[in-house]
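What's in query_16.csv: CSV, C-alpha atoms
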chain,number,residue,atom,x,y,z
A,30,MET,CA,0.6,-6.1,-6.8
A,31,SER,CA,0.3,-7.4,-3.2
A,32,LEU,CA,2.0,-10.2,-1.4
A,33,ARG,CA,0.3,-12.5,1.1
A,34,GLN,CA,1.9,-15.9,0.3
A,35,LEU,CA,5.3,-15.2,-1.3
A,36,LYS,CA,7.8,-14.5,1.5
A,37,THR,CA,11.3,-15.3,0.2
A,38,VAL,CA,13.8,-13.1,-1.6
A,39,ASP,CA,12.8,-14.9,-4.8
A,40,ALA,CA,9.5,-12.9,-4.9
A,41,PRO,CA,11.0,-9.5,-5.9
A,42,LEU,CA,13.0,-11.3,-8.6
A,43,ILE,CA,9.9,-12.9,-10.0
A,44,ILE,CA,7.9,-9.6,-9.8
A,45,LYS,CA,10.7,-7.8,-11.6
A,46,GLN,CA,10.6,-10.3,-14.4
A,47,THR,CA,6.8,-9.9,-14.8
A,48,GLY,CA,7.0,-6.2,-15.3
A,49,PHE,CA,5.5,-4.8,-12.2
A,50,ASP,CA,7.0,-1.7,-10.7
A,51,GLY,CA,6.7,-2.8,-7.1
A,52,PHE,CA,4.5,-4.5,-4.5
A,53,TYR,CA,3.1,-4.1,-1.1
A,54,ILE,CA,3.5,-6.7,1.7
A,55,ASP,CA,0.2,-7.3,3.4
A,56,CYS,CA,0.9,-7.4,7.1
A,57,GLU,CA,-2.7,-6.7,7.9
A,58,HIS,CA,-4.1,-10.0,6.5
A,59,GLY,CA,-0.9,-11.9,5.7
A,60,LEU,CA,1.4,-13.7,8.1
A,61,PHE,CA,4.9,-12.1,7.8
A,62,SER,CA,7.8,-11.9,10.2
A,63,ILE,CA,9.8,-8.7,10.4
A,64,ARG,CA,12.7,-10.7,9.0
A,65,GLU,CA,10.7,-11.7,6.0
A,66,VAL,CA,9.5,-8.1,5.5
A,67,SER,CA,13.1,-6.8,5.6
A,68,ASP,CA,14.4,-9.5,3.2
A,69,LEU,CA,11.6,-8.5,0.7
A,70,CYS,CA,12.3,-4.8,1.1
A,71,VAL,CA,16.1,-5.1,0.8
A,72,ALA,CA,15.7,-7.3,-2.3
A,73,ALA,CA,13.2,-4.8,-3.8
A,74,ALA,CA,15.6,-1.9,-3.3
A,75,ALA,CA,18.4,-3.8,-5.0
A,76,LEU,CA,16.1,-4.4,-8.0
A,77,GLU,CA,14.8,-0.8,-8.0
A,78,LEU,CA,11.3,-1.9,-7.1
A,79,THR,CA,9.0,0.0,-4.7
A,80,ALA,CA,8.2,-2.1,-1.6
A,81,LEU,CA,5.4,-0.9,0.6
A,82,VAL,CA,4.0,-2.5,3.7
A,83,ARG,CA,0.4,-2.5,4.8
A,84,VAL,CA,0.5,-2.5,8.6
A,85,HIS,CA,-2.3,-3.9,10.9
A,86,SER,CA,-2.5,-0.9,13.1
A,87,VAL,CA,-1.2,2.6,14.0
A,88,SER,CA,1.4,2.1,16.7
A,89,VAL,CA,5.1,2.4,17.3
A,90,GLY,CA,5.4,-1.4,17.3
A,91,ALA,CA,3.6,-1.7,13.9
A,92,LEU,CA,5.2,1.1,12.0
A,93,GLY,CA,8.7,1.6,13.4
A,94,PRO,CA,10.1,-1.9,12.6
A,95,VAL,CA,8.8,-2.0,9.0
A,96,LEU,CA,10.2,1.4,8.3
A,97,ASP,CA,13.6,0.4,9.8
A,98,ALA,CA,13.4,-2.8,7.8
A,99,GLY,CA,13.6,-0.8,4.6
A,100,ALA,CA,10.0,-0.2,3.5
A,101,ALA,CA,9.6,2.6,1.0
A,102,GLY,CA,6.3,3.4,2.5
A,103,VAL,CA,3.4,2.3,4.7
A,104,ILE,CA,-0.2,1.7,4.0
A,105,ILE,CA,-2.4,2.7,6.9
A,106,PRO,CA,-5.7,0.8,7.0
A,107,HIS,CA,-9.1,2.2,8.2
A,108,VAL,CA,-8.3,5.9,8.3
A,109,ASN,CA,-11.5,7.6,9.2
A,110,ASN,CA,-10.5,11.2,9.8
A,111,ALA,CA,-7.7,13.8,9.7
A,112,LEU,CA,-6.8,13.1,13.3
A,113,GLU,CA,-6.1,9.5,12.6
A,114,ALA,CA,-4.1,10.3,9.5
A,115,ALA,CA,-2.0,12.9,11.4
A,116,ALA,CA,-1.3,10.3,14.2
A,117,ALA,CA,0.0,7.9,11.6
A,118,VAL,CA,2.2,10.6,10.0
A,119,ARG,CA,3.7,11.4,13.4
A,120,LEU,CA,4.9,7.9,13.9
A,121,CYS,CA,6.5,7.8,10.4
A,122,LYS,CA,8.4,11.0,10.5
A,123,TYR,CA,11.4,12.1,12.6
A,124,PRO,CA,11.3,15.1,14.9
A,125,PRO,CA,10.3,17.9,14.6
A,126,MET,CA,7.6,16.7,12.2
A,127,GLY,CA,7.0,13.4,14.1
A,128,VAL,CA,8.3,11.1,16.8
A,129,ARG,CA,9.9,8.3,14.8
A,130,SER,CA,12.8,6.7,16.7
A,131,MET,CA,16.2,6.8,15.0
A,132,ALA,CA,18.0,3.7,13.8
A,133,ALA,CA,21.0,5.3,12.0
A,134,LEU,CA,22.5,2.2,10.4
A,135,GLY,CA,20.2,-0.3,8.7
A,136,PRO,CA,18.2,-1.2,5.6
A,137,SER,CA,16.2,2.0,5.7
A,138,SER,CA,19.4,4.1,5.2
A,139,CYS,CA,21.2,1.4,3.0
A,140,TYR,CA,23.8,1.5,5.8
A,141,GLN,CA,25.1,4.9,4.7
A,142,LYS,CA,27.2,6.6,7.3
A,143,ILE,CA,25.8,10.2,6.9
A,144,SER,CA,25.0,13.0,9.3
A,145,THR,CA,21.9,12.8,11.3
A,146,PRO,CA,20.3,15.9,9.7
A,147,GLN,CA,21.0,14.4,6.3
A,148,LEU,CA,19.5,11.1,7.3
A,149,ILE,CA,16.4,12.8,8.7
A,150,ALA,CA,15.8,14.8,5.5
A,151,GLN,CA,16.5,11.7,3.3
A,152,ARG,CA,14.3,9.3,5.1
A,153,ASP,CA,11.4,11.8,5.7
A,154,ALA,CA,11.3,12.6,2.0
A,155,ALA,CA,11.6,9.0,0.9
A,156,VAL,CA,8.9,7.4,3.0
A,157,MET,CA,5.4,7.4,1.6
A,158,VAL,CA,2.4,7.4,3.9
A,159,ILE,CA,-0.8,6.1,2.3
A,160,ALA,CA,-4.1,6.4,4.0
A,161,MET,CA,-6.7,3.7,3.2
A,162,ILE,CA,-10.4,4.8,3.0
A,163,GLU,CA,-12.5,1.8,4.1
A,164,THR,CA,-15.6,3.3,5.7
A,165,ALA,CA,-18.3,5.8,4.9
A,166,GLU,CA,-16.9,8.1,7.5
A,167,GLY,CA,-13.5,8.0,5.7
A,168,VAL,CA,-15.1,8.8,2.4
A,169,GLU,CA,-17.0,11.7,4.0
A,170,ASN,CA,-13.7,13.0,5.4
A,171,ALA,CA,-11.5,12.3,2.4
A,172,ASP,CA,-10.8,16.0,1.8
A,173,GLN,CA,-9.5,16.5,5.3
A,174,ILE,CA,-7.5,13.2,5.3
A,175,SER,CA,-5.8,14.0,2.0
A,176,ALA,CA,-5.0,17.6,3.2
A,177,VAL,CA,-3.0,16.3,6.2
A,178,ASP,CA,0.7,17.3,5.8
A,179,GLY,CA,2.7,14.1,5.3
A,180,VAL,CA,-0.1,12.0,3.8
A,181,ASP,CA,1.1,11.2,0.3
A,182,ALA,CA,-1.7,9.2,-1.2
A,183,LEU,CA,-5.2,7.9,-0.7
A,184,MET,CA,-6.1,4.2,-1.4
A,185,MET,CA,-9.5,2.5,-1.2
A,186,GLY,CA,-10.4,-0.7,0.6
A,187,PRO,CA,-13.5,-1.8,-1.4
A,188,MET,CA,-14.4,-4.9,0.5
A,189,ASP,CA,-14.4,-3.3,4.0
A,190,LEU,CA,-16.1,-0.3,2.5
A,191,SER,CA,-18.9,-2.5,1.1
A,192,LEU,CA,-19.3,-4.1,4.5
A,193,ASP,CA,-19.5,-0.7,6.2
A,194,MET,CA,-22.1,0.5,3.6
A,195,GLY,CA,-24.3,-2.5,4.0
A,196,ILE,CA,-23.7,-3.8,0.5
A,197,PRO,CA,-21.3,-6.7,1.3
A,198,GLY,CA,-19.2,-7.8,-1.6
A,199,GLU,CA,-20.9,-5.5,-4.2
A,200,LEU,CA,-17.5,-4.0,-5.1
A,201,ARG,CA,-18.8,-2.3,-8.3
A,202,HIS,CA,-22.0,-0.9,-6.7
A,203,PRO,CA,-22.7,2.7,-7.6
A,204,LYS,CA,-22.1,3.8,-4.0
A,205,ILE,CA,-18.6,2.2,-4.1
A,206,CYS,CA,-17.9,3.9,-7.5
A,207,GLU,CA,-19.1,7.2,-6.1
A,208,ALA,CA,-16.9,6.8,-3.1
A,209,TYR,CA,-13.8,6.1,-5.2
A,210,LEU,CA,-14.4,9.2,-7.3
A,211,LYS,CA,-15.0,11.4,-4.3
A,212,ALA,CA,-11.7,10.2,-2.7
A,213,LEU,CA,-9.9,10.6,-6.0
A,214,SER,CA,-11.2,14.2,-6.3
A,215,ALA,CA,-10.0,14.9,-2.7
A,216,ALA,CA,-6.5,13.5,-3.5
A,217,LYS,CA,-6.3,15.7,-6.6
A,218,ALA,CA,-7.4,18.8,-4.7
A,219,SER,CA,-4.5,18.3,-2.3
A,220,ASP,CA,-2.1,17.3,-5.0
A,221,LYS,CA,-1.7,13.9,-3.6
A,222,HIS,CA,-1.6,10.5,-5.3
A,223,PHE,CA,-4.7,8.3,-5.6
A,224,ILE,CA,-4.2,4.5,-5.8
A,225,GLY,CA,-6.8,2.7,-7.9
A,226,GLY,CA,-7.1,-0.9,-9.2
A,227,ASP,CA,-9.4,-3.5,-10.7
A,228,SER,CA,-10.6,-5.0,-7.4
A,229,GLY,CA,-13.5,-2.7,-7.1
A,230,GLY,CA,-15.0,0.7,-7.9
A,231,PRO,CA,-14.8,2.3,-11.4
A,232,SER,CA,-12.7,0.7,-14.2
A,233,VAL,CA,-9.0,1.3,-14.3
A,234,ALA,CA,-9.6,3.3,-17.5
A,235,GLU,CA,-12.1,5.6,-15.8
A,236,LEU,CA,-9.8,6.1,-12.8
A,237,LEU,CA,-6.9,7.0,-15.1
A,238,LYS,CA,-9.2,9.4,-17.0
A,239,ASN,CA,-10.1,11.1,-13.7
A,240,GLY,CA,-6.5,11.5,-12.5
A,241,ALA,CA,-5.4,8.3,-10.7
A,242,ARG,CA,-1.6,8.1,-10.6
A,243,ILE,CA,-0.9,4.7,-9.2
A,244,ILE,CA,-2.6,1.5,-10.4
A,245,LEU,CA,-2.7,-1.6,-8.1
A,246,GLY,CA,-2.9,-5.1,-9.5
A,247,GLY,CA,-4.1,-8.2,-7.7
A,248,SER,CA,-2.6,-10.4,-4.9
A,249,ASP,CA,-0.2,-13.2,-5.4
A,250,THR,CA,-2.9,-15.6,-4.1
A,251,ALA,CA,-5.4,-14.4,-6.7
A,252,TYR,CA,-2.8,-14.7,-9.4
A,253,PHE,CA,-1.8,-18.2,-8.3
A,254,ILE,CA,-5.4,-19.4,-8.3
A,255,GLN,CA,-6.1,-17.9,-11.7
A,256,ALA,CA,-2.9,-19.4,-13.3
A,257,LEU,CA,-3.3,-22.8,-11.7
A,258,THR,CA,-6.9,-23.0,-12.7
A,259,GLN,CA,-6.0,-22.3,-16.3
A,260,ALA,CA,-3.1,-24.7,-16.2
A,261,ASN,CA,-5.4,-27.4,-14.9
A,262,LYS,CA,-7.9,-26.8,-17.6
A,263,ASN,CA,-5.2,-26.9,-20.3
A,264,LEU,CA,-3.8,-30.1,-18.9
A,265,ARG,CA,-7.2,-31.8,-18.7
A,266,ALA,CA,-7.9,-30.7,-22.3
A,267,GLU,CA,-4.7,-32.4,-23.4
A,268,ILE,CA,-5.6,-35.6,-21.5
A,269,ASN,CA,-9.1,-35.7,-22.9
A,270,GLN,CA,-8.1,-35.3,-26.6
What would you get if you wrote out this structure as structure tokens?
Amino acid sequence: MSLRQLKTVDAPLIIKQTGFDGFYIDCEHGLFSIREVSDLCVAAAALELTALVRVHSVSVGALGPVLDAGAAGVIIPHVNNALEAAAAVRLCKYPPMGVRSMAALGPSSCYQKISTPQLIAQRDAAVMVIAMIETAEGVENADQISAVDGVDALMMGPMDLSLDMGIPGELRHPKICEAYLKALSAAKASDKHFIGGDSGGPSVAELLKNGARIILGGSDTAYFIQALTQANKNLRAEINQ
């Protein structure tokens, strides 16, 4: 699931109890400080949950701090081609593969005092880089994006994709479903993960049937509204009996 409102270390404890395997912190649309990001990532690690962060842009300032804060991976929005994907990978990996700056002791290394070569190998292997496909151009170039060394998964952004395709908000439109399946096929061809969910495109069952490996739930905001609406209905039904 994704987090936009929950920001304290209680959130991973709650998520663990509800049975999710992890979450991503939405720093593209949510308002999180780097302190809050680190608290959530450290708590997730202690609970053996996967904590990812969706950044707002591809830059040293956007990627470096969240990786140092302990994120298990980053979600890169609006990836349109292989060059953009490769640029993101370079900022997430240490030399010689990339240009990530070294912070030896910190949440990302669990404060282990190990040799620099060991640290590089450990962190480069552990950090997931997820490319979001959110435009028609990205869909067209899904094969090349997924083939980039260091990209671990493709993920769809159905709302922005619908806007780019001129079908705003039609998240189950045949064009959106076709785009999902094209990107899923591209991910499989490169032996990469595909992240699907129930927010748009084909059903979860169809995505799983076609090889999706990671399934994304909704946001904390959506779940709050759903649960509170039902609680209100239940309470009013009791009052009106």
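Neighbouring residues of Ser248 in chain A at 8 Å or closer, counting all atoms listed in the file and skipping chain neighbours under 4 positions away, are Met30, Ser31, Leu32, Arg33 and Tyr252 of chain A.
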Which residue gives the smallest distance to Ser62 in chain A among A:Val38, A:Cys139, A:Ala251, A:Val95, with only C-alpha atoms counted?
-> A:Val95
Report the closest atom pair, with its distance in Å rounded to one decimal, for each residue of range 89-161 of chain A that has an atom no farther than 12 Å from range 204-226 of chain A; count only C-alpha atoms, sort by chain and then rising residue number, and write it as JSON lines.
{"residue": "A:Ile104", "atom": "CA", "partner": "A:Ile224", "partner_atom": "CA", "distance": 10.9}
{"residue": "A:Met157", "atom": "CA", "partner": "A:His222", "partner_atom": "CA", "distance": 10.3}
{"residue": "A:Val158", "atom": "CA", "partner": "A:His222", "partner_atom": "CA", "distance": 10.5}
{"residue": "A:Ile159", "atom": "CA", "partner": "A:His222", "partner_atom": "CA", "distance": 8.8}
{"residue": "A:Ala160", "atom": "CA", "partner": "A:Phe223", "partner_atom": "CA", "distance": 9.8}
{"residue": "A:Met161", "atom": "CA", "partner": "A:Ile224", "partner_atom": "CA", "distance": 9.4}
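Among A:Ala132, A:Ala100, A:Ala117, A:Met184, the residue with the shortest atom-to-atom distance to Ala155 in chain A, counting only C-alpha atoms, is A:Ala100.
The gap separating CA of Val180 in chain A from CA of Asp68 in chain A is 25.9 Å, in Å to one decimal.
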Quick one: distance from CA of Arg242 in chain A to CA of Asp189 in chain A in Å, one decimal?
-> 22.5 Å
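Taking CA of Asp178 in chain A and CA of Val108 in chain A as endpoints, the distance between them is 14.7 Å.
Comparing A:Lys45, A:Arg64, A:Lys262, A:Arg201 by their smallest distance to Ala98 in chain A, the closest is A:Arg64 (using all atoms listed in the file).
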Using only C-alpha atoms, pick whichever of A:Pro41, A:Arg152, A:Gly186, A:Ala266 has the shortest atom-to-atom distance to Arg83 in chain A.
-> A:Gly186
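Look at everything within 9 Å of (-9.6, -7.2, -6.9) using all atoms listed in the file, and the residues you get are Pro187, Leu200, Gly226, Asp227, Ser228, Gly229, Leu245, Gly246, Gly247, Ser248 and Ala251 of chain A.
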Find the residues around Gly167 in chain A up to 8 Å (all atoms listed in the file counted), leave out those fewer than 5 positions away in its own chain, and share them as a ChimeraX atom specification.
-> /A:107-110,162,174
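The closest residue to Ile244 in chain A, picked from A:Met185, A:Gln34, A:Gly198, A:Ala150 and counting all atoms listed in the file, is A:Met185.
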List as an mmCIF file with C-alpha atoms, in the frame of the given file the protein and nucleic acid residues near Val87 in chain A, meaning an atom at most 10 Å away when all atoms listed in the file are counted, but skip any in the same chain fewer than 4 places from it.
data_model
loop_
_atom_site.group_PDB
_atom_site.id
_atom_site.type_symbol
_atom_site.label_atom_id
_atom_site.label_comp_id
_atom_site.auth_asym_id
_atom_site.auth_seq_id
_atom_site.Cartn_x
_atom_site.Cartn_y
_atom_site.Cartn_z
ATOM 1 C CA ALA A 91 3.600 -1.700 13.900
ATOM 2 C CA LEU A 92 5.200 1.100 12.000
ATOM 3 C CA GLY A 93 8.700 1.600 13.400
ATOM 4 C CA ILE A 105 -2.400 2.700 6.900
ATOM 5 C CA PRO A 106 -5.700 0.800 7.000
ATOM 6 C CA HIS A 107 -9.100 2.200 8.200
ATOM 7 C CA VAL A 108 -8.300 5.900 8.300
ATOM 8 C CA GLU A 113 -6.100 9.500 12.600
ATOM 9 C CA ALA A 114 -4.100 10.300 9.500
ATOM 10 C CA ALA A 116 -1.300 10.300 14.200
ATOM 11 C CA ALA A 117 0.000 7.900 11.600
ATOM 12 C CA VAL A 118 2.200 10.600 10.000
ATOM 13 C CA LEU A 120 4.900 7.900 13.900
ATOM 14 C CA CYS A 121 6.500 7.800 10.400
#
For Leu96 in chain A, the nearest of the candidates A:Asp153, A:Leu112, A:Thr145, A:Glu77, counting only C-alpha atoms | A:Asp153
